[in-house]
$ cat structure25.tsv   # TSV, C-alpha atoms
chain	number	residue	atom	x	y	z
D	1	MET	CA	-12.84	-120.18	123.14
D	2	ALA	CA	-14.68	-120.06	119.80
D	3	ALA	CA	-12.37	-117.52	118.16
D	4	GLU	CA	-14.06	-114.55	119.81
D	5	ARG	CA	-10.97	-112.35	119.69
D	6	GLY	CA	-10.30	-113.20	116.06
D	7	LEU	CA	-13.90	-112.38	115.24
D	8	GLU	CA	-13.68	-109.10	117.12
D	9	LEU	CA	-10.71	-108.08	114.99
D	10	VAL	CA	-12.64	-108.87	111.82
D	11	ARG	CA	-15.66	-106.95	113.10
D	12	GLU	CA	-13.55	-103.88	113.80
D	13	LEU	CA	-12.36	-103.83	110.21
D	14	HIS	CA	-15.88	-104.41	108.93
D	15	ARG	CA	-17.05	-101.35	110.88
D	16	ALA	CA	-14.17	-99.19	109.64
D	17	ALA	CA	-15.76	-98.30	106.32
D	18	GLY	CA	-14.26	-96.41	103.40
D	19	GLY	CA	-10.82	-97.97	103.51
D	20	HIS	CA	-10.02	-96.34	106.83
D	21	LEU	CA	-7.14	-98.06	108.62
D	22	PRO	CA	-7.65	-98.44	112.38
D	23	PRO	CA	-4.59	-98.92	114.62
D	24	PHE	CA	-3.00	-102.37	114.51
D	25	ARG	CA	-4.26	-104.46	117.42
D	26	THR	CA	-1.03	-106.08	118.53
D	27	GLU	CA	-2.36	-107.10	121.91
D	28	GLU	CA	-5.53	-108.74	120.55
D	29	MET	CA	-3.46	-110.59	117.91
D	30	ARG	CA	-1.17	-111.87	120.60
D	31	GLN	CA	-4.13	-113.05	122.67
D	32	ALA	CA	-5.75	-114.80	119.71
D	33	LEU	CA	-2.49	-116.61	118.90
D	34	GLU	CA	-2.17	-117.54	122.57
D	35	GLU	CA	-5.71	-118.92	122.48
D	36	MET	CA	-4.73	-121.05	119.49
D	37	ARG	CA	-1.66	-122.36	121.28
D	38	ALA	CA	-3.72	-123.29	124.35
D	39	LEU	CA	-6.37	-125.06	122.25
D	40	TYR	CA	-3.71	-127.00	120.41
D	41	GLU	CA	-2.02	-128.13	123.60
D	42	ARG	CA	-5.28	-129.35	125.06
D	43	ASN	CA	-5.95	-131.20	121.82
D	44	GLN	CA	-2.51	-132.82	121.87
D	45	ALA	CA	-3.18	-134.09	125.38
D	46	ASP	CA	-6.65	-135.38	124.47
D	47	VAL	CA	-5.43	-137.07	121.28
D	48	SER	CA	-3.10	-139.33	123.22
D	49	GLU	CA	-5.98	-140.06	125.65
D	50	ALA	CA	-8.27	-140.85	122.74
D	51	LYS	CA	-5.70	-143.18	121.24
D	52	SER	CA	-5.55	-145.14	124.47
D	53	GLY	CA	-9.27	-145.81	124.48
D	54	ARG	CA	-11.19	-142.64	125.34
D	55	THR	CA	-12.95	-142.33	122.00
D	56	ASP	CA	-15.60	-140.03	123.53
D	57	LEU	CA	-13.03	-137.25	123.34
D	58	ILE	CA	-12.98	-137.33	119.56
D	59	PHE	CA	-15.86	-134.86	119.19
D	60	LEU	CA	-14.19	-132.42	121.57
D	61	ILE	CA	-10.95	-132.74	119.64
D	62	ARG	CA	-12.75	-132.05	116.40
D	63	PHE	CA	-14.53	-129.04	117.89
D	64	ARG	CA	-11.25	-127.56	119.12
D	65	HIS	CA	-9.75	-128.14	115.69
D	66	CYS	CA	-12.65	-126.24	114.12
D	67	CYS	CA	-12.02	-123.38	116.54
D	68	LEU	CA	-8.38	-123.40	115.53
D	69	LEU	CA	-9.29	-123.25	111.85
D	70	ARG	CA	-11.75	-120.42	112.51
D	71	ASN	CA	-9.12	-118.51	114.43
D	72	GLN	CA	-6.65	-118.98	111.60
D	73	ARG	CA	-9.19	-117.78	109.08
D	74	CYS	CA	-10.18	-114.70	111.12
D	75	LEU	CA	-6.61	-113.67	111.78
D	76	LEU	CA	-5.51	-114.11	108.18
D	77	ALA	CA	-8.61	-112.22	106.97
D	78	TYR	CA	-7.81	-109.37	109.39
D	79	LEU	CA	-4.19	-109.15	108.27
D	80	TYR	CA	-4.96	-109.51	104.55
D	81	ASP	CA	-7.73	-106.90	104.58
D	82	ARG	CA	-5.39	-104.46	106.28
D	83	LEU	CA	-2.80	-105.08	103.58
D	84	LEU	CA	-5.43	-104.27	100.94
D	85	ARG	CA	-6.26	-101.01	102.71
D	86	ILE	CA	-2.56	-100.14	102.97
D	87	ARG	CA	-2.12	-100.87	99.27
D	88	ALA	CA	-4.98	-98.46	98.50
D	89	LEU	CA	-3.12	-95.80	100.50
D	90	ARG	CA	-0.18	-95.93	98.10
D	91	TRP	CA	-2.53	-95.11	95.25
D	92	GLU	CA	-4.40	-92.47	97.23
D	93	TYR	CA	-1.62	-90.59	99.01
D	94	GLY	CA	1.55	-91.38	97.08
D	95	SER	CA	4.74	-92.94	98.37
D	96	VAL	CA	4.97	-90.93	101.56
D	97	LEU	CA	2.15	-91.68	103.96
D	98	PRO	CA	0.93	-89.06	106.44
D	99	ASN	CA	2.21	-89.61	109.96
D	100	THR	CA	-1.26	-90.13	111.39
D	101	ILE	CA	-1.70	-93.17	109.16
D	102	GLN	CA	1.80	-94.56	109.68
D	103	PHE	CA	1.02	-94.49	113.36
D	104	HIS	CA	-1.70	-97.06	112.83
D	105	MET	CA	0.57	-99.51	111.01
D	106	SER	CA	2.70	-102.19	112.58
D	107	ALA	CA	6.42	-102.36	111.74
D	108	GLU	CA	5.82	-105.38	109.49
D	109	GLU	CA	3.04	-103.55	107.66
D	110	VAL	CA	5.38	-100.63	107.02
D	111	GLU	CA	7.91	-103.11	105.64
D	112	TRP	CA	5.26	-104.68	103.38
D	113	PHE	CA	4.31	-101.19	102.19
D	114	ASN	CA	7.90	-100.31	101.39
D	115	ARG	CA	8.40	-103.52	99.42
D	116	TYR	CA	5.12	-102.94	97.54
D	117	LYS	CA	6.14	-99.36	96.74
D	118	LYS	CA	9.46	-100.55	95.38
D	119	SER	CA	7.88	-103.31	93.30
D	120	LEU	CA	5.34	-100.88	91.87
D	121	ALA	CA	8.01	-98.31	91.08
D	122	THR	CA	10.09	-100.92	89.25
D	123	TYR	CA	7.06	-101.91	87.20
D	124	MET	CA	6.09	-98.33	86.37
D	125	ARG	CA	9.62	-97.54	85.28
D	126	SER	CA	9.66	-100.52	82.95
D	127	VAL	CA	6.59	-99.33	81.09
D	128	GLY	CA	6.50	-96.30	78.88
D	129	GLY	CA	9.88	-95.60	77.44
D	130	GLU	CA	12.78	-93.92	79.18
D	131	GLU	CA	11.21	-92.30	82.17
D	132	GLY	CA	8.51	-94.83	82.78
D	133	LEU	CA	4.83	-94.08	83.16
D	134	ASP	CA	3.47	-92.93	86.49
D	135	LEU	CA	0.28	-94.96	86.72
D	136	THR	CA	-0.86	-93.14	89.85
D	137	GLN	CA	-1.46	-90.04	87.74
D	138	ASP	CA	-4.31	-89.57	85.28
D	139	ILE	CA	-6.86	-91.34	87.45
D	140	LYS	CA	-9.75	-89.48	85.83
D	141	PRO	CA	-10.28	-88.79	82.12
D	142	PRO	CA	-8.86	-85.36	81.31
D	143	LYS	CA	-11.52	-82.70	80.72
D	144	SER	CA	-9.24	-79.76	80.04
D	145	LEU	CA	-5.57	-78.87	80.01
D	146	TYR	CA	-5.70	-76.23	82.70
D	147	ILE	CA	-7.81	-76.14	85.85
D	148	GLU	CA	-8.70	-73.56	88.43
D	149	VAL	CA	-7.38	-74.54	91.86
D	150	ARG	CA	-7.56	-73.01	95.31
D	151	CYS	CA	-4.78	-73.53	97.77
D	152	LEU	CA	-5.93	-75.06	101.07
D	153	LYS	CA	-2.65	-74.89	102.94
D	154	ASP	CA	0.64	-73.08	102.58
D	155	HIS	CA	2.80	-75.20	100.35
D	156	GLY	CA	5.56	-72.80	99.39
D	157	GLU	CA	6.92	-72.37	95.90
D	158	PHE	CA	5.80	-74.51	93.01
D	159	GLU	CA	7.46	-74.60	89.62
D	160	ILE	CA	5.56	-75.30	86.42
D	161	ASP	CA	6.86	-76.51	83.09
D	162	ASP	CA	7.68	-73.20	81.47
D	163	GLY	CA	9.91	-72.24	84.39
D	164	THR	CA	7.68	-69.79	86.20
D	165	THR	CA	7.28	-70.29	89.95
D	166	ILE	CA	3.99	-69.90	91.74
D	167	LEU	CA	3.72	-69.22	95.43
D	168	LEU	CA	1.10	-71.53	96.93
D	169	LYS	CA	-0.26	-69.56	99.83
D	170	LYS	CA	-3.41	-70.54	101.72
D	171	ASN	CA	-6.59	-69.37	99.92
D	172	SER	CA	-4.78	-68.18	96.81
D	173	GLN	CA	-6.34	-69.25	93.50
D	174	HIS	CA	-4.40	-70.26	90.42
D	175	PHE	CA	-4.98	-71.45	86.88
D	176	LEU	CA	-2.54	-74.32	86.50
D	177	PRO	CA	-1.86	-77.29	84.21
D	178	ARG	CA	-3.99	-80.21	85.29
D	179	TRP	CA	-1.30	-82.86	85.39
D	180	LYS	CA	0.88	-80.81	87.72
D	181	CYS	CA	-1.93	-80.44	90.23
D	182	GLU	CA	-3.23	-83.99	90.40
D	183	GLN	CA	-0.85	-85.17	93.09
D	184	LEU	CA	-1.36	-82.05	95.21
D	185	ILE	CA	-5.14	-82.28	94.91
D	186	ARG	CA	-5.06	-85.85	96.18
D	187	GLN	CA	-2.83	-84.85	99.07
D	188	GLY	CA	-5.30	-82.16	100.03
D	189	VAL	CA	-2.99	-79.19	99.39
D	190	LEU	CA	-5.00	-77.86	96.44
D	191	GLU	CA	-8.71	-77.95	95.77
D	192	HIS	CA	-10.22	-78.09	92.30
D	193	VAL	CA	-12.56	-75.13	91.95
D	194	LEU	CA	-15.61	-75.96	89.89
D	195	SER	CA	-17.32	-72.71	89.04
O	196	MET	CA	1.88	-88.51	60.68
O	197	ALA	CA	3.80	-91.51	59.44
O	198	ALA	CA	2.40	-94.99	59.79
O	199	VAL	CA	3.51	-96.83	62.90
O	200	ALA	CA	4.71	-100.40	62.61
O	201	GLY	CA	3.39	-102.84	65.16
O	202	GLY	CA	4.12	-106.50	65.70
O	203	ASP	CA	5.56	-109.03	68.10
O	204	SER	CA	9.06	-108.51	69.38
O	205	ASP	CA	10.17	-111.94	68.17
O	206	GLY	CA	11.07	-111.70	64.51
O	207	ASP	CA	9.12	-114.53	62.98
O	208	SER	CA	5.58	-113.10	63.23
O	209	GLU	CA	4.05	-110.83	60.61
O	210	GLU	CA	4.57	-107.12	60.91
O	211	LEU	CA	1.26	-105.30	61.15
O	212	VAL	CA	1.37	-101.78	59.89
O	213	LEU	CA	-1.20	-99.72	61.74
O	214	THR	CA	-1.99	-96.09	61.26
O	215	PRO	CA	-1.94	-94.09	64.50
O	216	ALA	CA	-5.75	-93.98	64.41
O	217	GLN	CA	-5.94	-97.77	64.16
O	218	LEU	CA	-3.38	-98.13	66.92
O	219	ILE	CA	-5.38	-95.94	69.28
O	220	HIS	CA	-8.53	-97.85	68.32
O	221	SER	CA	-6.76	-101.13	69.22
O	222	LEU	CA	-5.70	-99.62	72.51
O	223	GLU	CA	-9.25	-98.55	73.28
O	224	GLN	CA	-10.59	-102.00	72.38
O	225	ALA	CA	-8.03	-103.69	74.64
O	226	TRP	CA	-8.85	-101.18	77.39
O	227	LEU	CA	-12.62	-101.78	77.25
O	228	ASN	CA	-12.20	-105.55	77.10
O	229	GLU	CA	-9.87	-105.50	80.09
O	230	LYS	CA	-12.24	-103.23	82.02
O	231	PHE	CA	-15.28	-105.43	81.60
O	232	ALA	CA	-13.77	-108.90	81.63
O	233	PRO	CA	-13.81	-110.57	85.07
O	234	GLU	CA	-10.45	-112.24	84.50
O	235	LEU	CA	-7.04	-110.99	83.38
O	236	LEU	CA	-6.84	-111.04	79.58
O	237	GLU	CA	-3.85	-111.76	77.38
O	238	SER	CA	-1.16	-109.10	77.56
O	239	LYS	CA	-0.73	-106.90	74.50
O	240	PRO	CA	2.91	-105.82	74.58
O	241	GLU	CA	2.95	-104.75	70.92
O	242	ILE	CA	0.11	-102.29	71.38
O	243	ILE	CA	1.62	-100.83	74.54
O	244	GLU	CA	5.06	-100.45	72.99
O	245	CYS	CA	3.65	-98.72	69.93
O	246	VAL	CA	1.41	-96.41	71.94
O	247	VAL	CA	4.34	-95.36	74.11
O	248	GLU	CA	6.41	-94.72	71.00
O	249	GLN	CA	3.53	-92.73	69.56
O	250	LEU	CA	3.21	-90.61	72.71
O	251	ASP	CA	6.95	-89.88	72.72
O	252	HIS	CA	6.72	-88.93	69.05
O	253	MET	CA	3.78	-86.58	69.69
O	254	GLU	CA	5.50	-84.96	72.66
O	255	ALA	CA	8.65	-84.37	70.65
O	256	ASN	CA	6.51	-82.73	67.94
O	257	LEU	CA	4.89	-80.50	70.51
O	258	LYS	CA	8.23	-79.31	71.83
O	259	ARG	CA	9.23	-78.22	68.34
O	260	ALA	CA	5.95	-76.41	67.61
O	261	LYS	CA	5.52	-72.66	67.89
O	262	ARG	CA	4.16	-71.48	71.22
O	263	GLY	CA	0.64	-70.11	71.18
O	264	ASP	CA	-0.28	-72.13	68.10
O	265	LEU	CA	-3.83	-73.38	68.53
O	266	LYS	CA	-2.91	-76.83	67.30
O	267	VAL	CA	-0.57	-77.18	70.28
O	268	SER	CA	-3.46	-77.23	72.77
O	269	VAL	CA	-5.42	-79.71	70.72
O	270	HIS	CA	-2.46	-82.05	70.34
O	271	HIS	CA	-1.60	-81.66	74.00
O	272	MET	CA	-5.14	-82.65	74.92
O	273	GLU	CA	-4.91	-85.65	72.62
O	274	ILE	CA	-1.69	-86.74	74.33
O	275	GLU	CA	-3.40	-86.42	77.71
O	276	ARG	CA	-6.33	-88.51	76.55
O	277	ILE	CA	-4.18	-91.27	75.12
O	278	ARG	CA	-2.03	-91.31	78.23
O	279	PHE	CA	-5.18	-91.64	80.33
O	280	VAL	CA	-6.41	-94.64	78.35
O	281	LEU	CA	-3.00	-96.31	78.52
O	282	SER	CA	-2.67	-95.69	82.27
O	283	SER	CA	-6.22	-96.85	82.91
O	284	TYR	CA	-5.60	-100.05	80.92
O	285	LEU	CA	-2.38	-100.86	82.79
O	286	ARG	CA	-3.94	-99.96	86.14
O	287	CYS	CA	-6.89	-102.25	85.45
O	288	ARG	CA	-4.49	-105.09	84.78
O	289	LEU	CA	-2.49	-104.41	87.95
O	290	VAL	CA	-5.67	-104.41	90.03
O	291	LYS	CA	-6.63	-107.82	88.64
O	292	ILE	CA	-3.11	-109.16	89.10
O	293	GLU	CA	-3.13	-108.13	92.75
O	294	LYS	CA	-6.65	-109.41	93.29
O	295	PHE	CA	-6.15	-112.87	91.80
O	296	PHE	CA	-2.41	-113.30	92.19
O	297	PRO	CA	-2.27	-116.98	93.28
O	298	HIS	CA	-4.53	-118.08	90.39
O	299	ILE	CA	-2.73	-115.97	87.81
O	300	LEU	CA	0.67	-117.22	88.86
O	301	GLU	CA	-0.62	-120.80	88.87
O	302	LYS	CA	-2.02	-120.34	85.36
O	303	GLU	CA	1.29	-118.94	84.18
O	304	LYS	CA	3.17	-121.83	85.74
O	305	SER	CA	1.03	-124.42	83.95
O	306	ARG	CA	1.07	-122.58	80.64
O	307	ALA	CA	2.07	-124.72	77.69
O	308	GLU	CA	5.08	-123.80	75.58
O	309	GLY	CA	4.02	-121.57	72.70
O	310	GLU	CA	0.74	-120.52	74.35
O	311	PRO	CA	0.50	-116.74	74.69
O	312	SER	CA	1.09	-115.37	78.17
O	313	ILE	CA	-1.48	-113.34	80.03
O	314	LEU	CA	1.33	-111.49	81.79
O	315	SER	CA	4.07	-109.34	80.33
O	316	PRO	CA	7.54	-110.12	81.75
O	317	GLU	CA	7.36	-106.97	83.90
O	318	GLU	CA	3.88	-107.88	85.16
O	319	PHE	CA	5.10	-111.39	85.90
O	320	ALA	CA	7.96	-109.99	88.00
O	321	PHE	CA	5.53	-107.69	89.79
O	322	ALA	CA	3.11	-110.55	90.48
O	323	LYS	CA	5.87	-112.76	91.87
O	324	GLU	CA	7.15	-109.99	94.10
O	325	TYR	CA	3.62	-109.26	95.32
O	326	MET	CA	3.09	-112.92	96.18
O	327	ALA	CA	6.44	-113.28	97.93
O	328	ASN	CA	5.89	-110.06	99.88
O	329	THR	CA	2.40	-111.06	101.04
O	330	GLU	CA	3.30	-114.66	101.84
O	331	ALA	CA	6.34	-113.60	103.86
O	332	TYR	CA	4.27	-111.04	105.75
O	333	LEU	CA	1.49	-113.49	106.68
O	334	LYS	CA	4.03	-116.10	107.68
O	335	ASN	CA	6.03	-113.76	109.91
O	336	VAL	CA	3.15	-112.03	111.60
O	337	ALA	CA	0.75	-114.90	112.13
O	338	LEU	CA	1.42	-118.29	110.60
O	339	LYS	CA	4.73	-119.04	112.26
O	340	HIS	CA	3.15	-118.31	115.66
O	341	MET	CA	0.38	-120.79	115.08
O	342	PRO	CA	0.33	-124.48	116.00
O	343	PRO	CA	2.48	-126.70	113.75
O	344	ASN	CA	-0.39	-128.20	111.79
O	345	LEU	CA	-1.77	-124.78	110.85
O	346	GLN	CA	1.35	-123.04	109.70
O	347	LYS	CA	0.73	-123.52	106.03
O	348	VAL	CA	-2.19	-121.97	104.19
O	349	SER	CA	-3.05	-122.47	100.56
O	350	LEU	CA	-3.39	-119.05	98.97
O	351	LEU	CA	-4.95	-120.74	95.95
O	352	LYS	CA	-7.83	-121.87	98.13
O	353	SER	CA	-8.14	-118.76	100.30
O	354	VAL	CA	-7.96	-116.01	97.70
O	355	PRO	CA	-11.19	-115.81	95.66
O	356	LYS	CA	-11.09	-116.75	91.99
O	357	PRO	CA	-12.38	-114.46	89.24
O	358	ASN	CA	-16.09	-115.06	88.63
O	359	LEU	CA	-16.21	-116.28	85.05
O	360	ASP	CA	-19.97	-116.67	85.27
O	361	SER	CA	-20.61	-112.97	85.60
O	362	PHE	CA	-22.62	-111.40	82.82
O	363	VAL	CA	-21.03	-109.06	80.30
O	364	PHE	CA	-22.37	-106.82	77.55
O	365	LEU	CA	-20.79	-107.30	74.17
O	366	ARG	CA	-20.95	-106.20	70.56
O	367	VAL	CA	-20.26	-108.75	67.84
O	368	LEU	CA	-17.45	-107.83	65.45
O	369	GLU	CA	-17.24	-111.06	63.46
O	370	ARG	CA	-20.23	-113.28	62.83
O	371	GLN	CA	-20.16	-116.45	64.93
O	372	GLU	CA	-22.17	-119.58	64.38
O	373	ASN	CA	-23.36	-122.20	66.79
O	374	ILE	CA	-22.19	-120.84	70.07
O	375	LEU	CA	-23.24	-123.26	72.78
O	376	VAL	CA	-25.06	-121.58	75.65
O	377	GLU	CA	-25.36	-123.36	79.01
O	378	PRO	CA	-28.90	-123.71	80.40
O	379	GLU	CA	-29.88	-121.41	83.25
O	380	THR	CA	-32.05	-123.95	85.01
O	381	ASP	CA	-32.17	-127.73	85.06
O	382	GLU	CA	-35.31	-127.79	82.93
O	383	HIS	CA	-33.70	-126.26	79.88
O	384	ARG	CA	-31.14	-127.95	77.75
O	385	GLU	CA	-28.12	-126.24	76.32
O	386	TYR	CA	-28.82	-124.54	73.00
O	387	ALA	CA	-26.84	-122.99	70.20
O	388	ILE	CA	-27.12	-119.40	69.03
O	389	ASN	CA	-25.67	-117.46	66.15
O	390	LEU	CA	-24.07	-114.12	66.81
O	391	GLU	CA	-24.76	-111.68	63.99
O	392	GLU	CA	-22.23	-109.00	63.19
O	393	GLY	CA	-23.08	-105.69	64.86
O	394	SER	CA	-25.58	-107.22	67.30
O	395	GLN	CA	-25.31	-106.63	71.04
O	396	HIS	CA	-25.83	-109.20	73.75
O	397	LEU	CA	-25.79	-109.73	77.49
O	398	ILE	CA	-24.27	-113.11	78.17
O	399	ARG	CA	-22.15	-115.05	80.65
O	400	TYR	CA	-18.49	-114.28	80.26
O	401	ARG	CA	-17.58	-117.97	80.38
O	402	THR	CA	-19.49	-118.66	77.14
O	403	VAL	CA	-17.71	-115.96	75.16
O	404	ALA	CA	-14.24	-115.93	76.75
O	405	PRO	CA	-12.50	-117.43	73.69
O	406	LEU	CA	-14.30	-114.95	71.42
O	407	VAL	CA	-13.03	-112.01	73.48
O	408	ALA	CA	-9.51	-113.38	73.26
O	409	SER	CA	-9.72	-113.79	69.48
O	410	GLY	CA	-11.21	-110.34	68.94
O	411	ALA	CA	-14.47	-111.67	67.48
O	412	VAL	CA	-16.50	-109.75	70.07
O	413	GLN	CA	-15.93	-106.48	71.90
O	414	LEU	CA	-17.00	-106.06	75.54
O	415	ILE	CA	-18.90	-102.84	76.17

$ encode --input "structure25.tsv" --output "structure tokens"
Amino acid sequence: MAAERGLELVRELHRAAGGHLPPFRTEEMRQALEEMRALYERNQADVSEAKSGRTDLIFLIRFRHCCLLRNQRCLLAYLYDRLLRIRALRWEYGSVLPNTIQFHMSAEEVEWFNRYKKSLATYMRSVGGEEGLDLTQDIKPPKSLYIEVRCLKDHGEFEIDDGTTILLKKNSQHFLPRWKCEQLIRQGVLEHVLS
Amino acid sequence: MAAVAGGDSDGDSEELVLTPAQLIHSLEQAWLNEKFAPELLESKPEIIECVVEQLDHMEANLKRAKRGDLKVSVHHMEIERIRFVLSSYLRCRLVKIEKFFPHILEKEKSRAEGEPSILSPEEFAFAKEYMANTEAYLKNVALKHMPPNLQKVSLLKSVPKPNLDSFVFLRVLERQENILVEPETDEHREYAINLEEGSQHLIRYRTVAPLVASGAVQLI
């Protein structure tokens, strides 16, 4: 009764450290909402009893109301914290999320993510002149113009500014412009080699 | 390089002519202040506009330069550094906007006419969209399935406010007299201090917030 399911959801997120997004617990959410509905109905019944004289029920009514508030708080905290983690994913992975992560998101979360992406893109385009400024680049202060990178997976052909194409084959090493590699490093395709 | 003109977009304010070096210095000051202040600071559209113009100018110069010229690498690096500072500054603001969105939007709503805005028009649009998106999501997934008396939640009350009492390091740029400092414990009374130019202090943000806004102190 005392918001156990809601609390369990919050605990799960608390345990999932490092921004990791566990699968969306649709069933537990549904049960917690059901619990709230049941509590409310019992309170409705008791309120009319209390009004017709049974004032001893008032404490029970108050207690149920506190449980309802706690449930509301736990559920909203669960949902909001997940949104924050999903938002971090846009900055970490870019606009296309890996399938494994998308799997863990509910349809509504995917919709929220898409709207957030769009809003962010509109903002970034409005800053910085004609093409806009991609704020998800340049996360770290630049140390040098070119960096040594090793390819972790086959990524196919990659074109750099002066027109030359590089073939990104697994385990090949290249000396490439830093800003071109940032996105690929974050996606795990390239690895910065620090000699 | 030619001097860059800065100033507000509305015509009736004075035109500040800043050299590129001064412009970048202003950008760095705004960036550091934004990084260390617990709340969202006033937006600086003039600085951003000029820096973007400056970056475009530098990139155009680079394209015209001879390949293999040593200066090209140095200028390229400079462009990268400036772009980093600009991106970091804007990112910092976005993070605060998303973190404190109900309070920021409320502050903007109750802003007096003529008072400077803490949000640029684009940031304002972003903040409103973020709020609408999040509110709609919470309503559809949870709130509308809850009992009638619990379907509304005040985001102003639920989302934490920025902690204006956090301590910040600062360097004094313009001498200040008689700054009132709140007592730490009940036994002390509030006292006044003078801030000498060039001195550095560790103090509650709340006490110096107006000085940060006016540029009298620099957060470090």

$ interface_residues --input "structure25.tsv" --of "chain D" --to "chain O" --cutoff "6 Å" --atoms "all atoms listed in the file" --output "compact mmCIF listing (two decimals) with C-alpha atoms, in the coordinates of the input"
# COMPACT_ATOMS: atom_id res chain seq x y z
CA GLY D 128 6.50 -96.30 78.88
CA LEU D 135 0.28 -94.96 86.72
CA ASP D 138 -4.31 -89.57 85.28

$ atom_distance --input "structure25.tsv" --atom1 "CA of Cys67 in chain D" --atom2 "CA of Ala3 in chain D"
6.1 Å

$ residues_around --input "structure25.tsv" --residues "range 296-302 of chain O" --least-positions-apart "2" --cutoff "7 Å" --atoms "all atoms listed in the file" --output "PyMOL selection string"
chain O and resi 292-294+304-306+322+326+350-351+356

$ atom_distance --input "structure25.tsv" --atom1 "CA of Asn373 in chain O" --atom2 "CA of Ser312 in chain O"
27.8 Å

$ residues_around --input "structure25.tsv" --residues "Arg70 in chain D" --least-positions-apart "4" --cutoff "10 Å" --atoms "only C-alpha atoms" --output "PDB file with C-alpha atoms, in the frame of the given file"
ATOM      1  CA  ALA D   2     -14.680-120.060 119.800  1.00  0.00           C
ATOM      2  CA  ALA D   3     -12.370-117.520 118.160  1.00  0.00           C
ATOM      3  CA  GLU D   4     -14.060-114.550 119.810  1.00  0.00           C
ATOM      4  CA  GLY D   6     -10.300-113.200 116.060  1.00  0.00           C
ATOM      5  CA  LEU D   7     -13.900-112.380 115.240  1.00  0.00           C
ATOM      6  CA  MET D  36      -4.730-121.050 119.490  1.00  0.00           C
ATOM      7  CA  ARG D  64     -11.250-127.560 119.120  1.00  0.00           C
ATOM      8  CA  HIS D  65      -9.750-128.140 115.690  1.00  0.00           C
ATOM      9  CA  CYS D  66     -12.650-126.240 114.120  1.00  0.00           C
ATOM     10  CA  CYS D  74     -10.180-114.700 111.120  1.00  0.00           C
ATOM     11  CA  LEU D  75      -6.610-113.670 111.780  1.00  0.00           C
ATOM     12  CA  LEU D  76      -5.510-114.110 108.180  1.00  0.00           C
TER      13      LEU D  76
END
